[in-house]
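*Asks:* Dropping the structure in here first, questions after.
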Amino acid sequence: MAEEEEMELPELAESEVPLAAGGLPAEEEEGEERAQKPARIVKLVHLRDPKAGVFSQAKKQFFWGTSLLTASFVNALDLSAEAAAGKDIEVLEIGGGSGLCSLTAALVGAASVRMTDLVPDALRVCEKSAAANALSNITFAKLDWNAPETVPESAFDLVIGSDILFYRGTVAPVARAFAQALRPGGIGILSDPCRCNTDDFIAKLEELGIVAETHLFRPRMLARGRDLGPKAFVNVKKVKLIVFRRPLEETDATEDAHDILWAQVQAALPKFTRPELEVELEALGLAPTSS
């Protein structure tokens with residue numbers, strides 16, 4: 001098969017995306033909490049003028065609001081080997097787009113991050129972002145979830161997806177890609193702006209033997225992108241965060257590391273989200289109100 005010819009990229013620019021260690025933007029943290037959690041700056045290379053340029057698929061923004069939320073959540077984790085019982089944590093992002101989540105995972109200590117997308121230009125631009133952040137622990141590869149041979153087998157401790165269930169046909173292949181790429185005991189994180197496809201995705205995971213938890217990002221997190229102006233697609237009114245683990249098939253040497261990472265995920269969830277069932281019960285007047 002002939003290699004795809006690389007086209008010249010549109011004019012690019014670089015912007016700084018601020019993330020605080022606790023997930024909230026630094027300007028929203030107060031007092032001692034703010035002092036203990038210095039802001040993390042992710043440098044993101046993007047189209048200088050998204051509205052005028054053409055970037056594989058015409059998009060008016062250079063990253064999506066859901067990816068900002070997912071990156072904020074990942075930023076609350078410690079993916080270093082020191083925090084994982086000496087185990088190097090390897091991360092895969094599926095359908096990475098701008099690569100904001102991959103860049104964040106690399107910055108919070110993952111031993112290796114593989115950012116993937118079907119669009120070669122997305123990989124090329126994110127590679128420039130990695131260079132801008134002086135990251136050497138991130139690689140780039142084309143991945144087609146409709147082609148299982150492009151999905152690594154049992155190779156990752158954490159797999160991330162953000163806003164990739166954009167039509168019904170993505171549900172089954174994306175679920176299979178997560179299940180295939182995760183090591184036994186490994187953890188999946190997927191965010192979605194509450195399309196109908198999320199329930200089908202969870203059902204497909206269950207068919208594959210994986211039980212998922214569904215949470216909703218808190219309103220204050222949905223408002224996070226407003227300060228970033230036109231750089232982000234922020235018109236998201238409701239975003240789900242789906243977290244799950246691939247079951248252990250047998251006692252595994254990485255079980256302790258995955259348990260530690262899962263505990264981190266569970267500890268971070270209340271800071272960003274509420275369980276979907278709790279929100280639904282509240283809407284029916286059966287649970288206390290929470291912001």
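Naming scheme: A, B, ... for chains in displayed order of the structure tokens; residues 1 onward per chain; ligands 1 onward as shown.
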From a DSSP calculation on the backbone, collect every residue of segment 36-141 of chain A in helix (DSSP H, G or I) and output the set as an NGL selection string.

*Replies:* :A and (36 or 65-75 or 81-84 or 100-107 or 120-132)

*Asks:* With only C-alpha atoms as the counted atoms, please give the residues lying no more than 9 Å from Asp117 of chain A, apart from itself and same-chain residues fewer than 4 positions off, as a PyMOL selection string.

*Replies:* chain A and resi 93-97+99+122-123+140-144

*Asks:* Give the answer as one residue: which of A:Thr273, A:Ser154, A:Ser112, A:Gln264 has the shortest atom-to-atom distance to Asn75 of chain A, using only C-alpha atoms?

*Replies:*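 For Asn75 of chain A, the nearest of the given residues is A:Gln264.
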
*Asks:* Report the residues of segment 94-222 of chain A whose backbone DSSP state falls under strand (DSSP E or B), written as a count of residues only.

*Replies:* 36
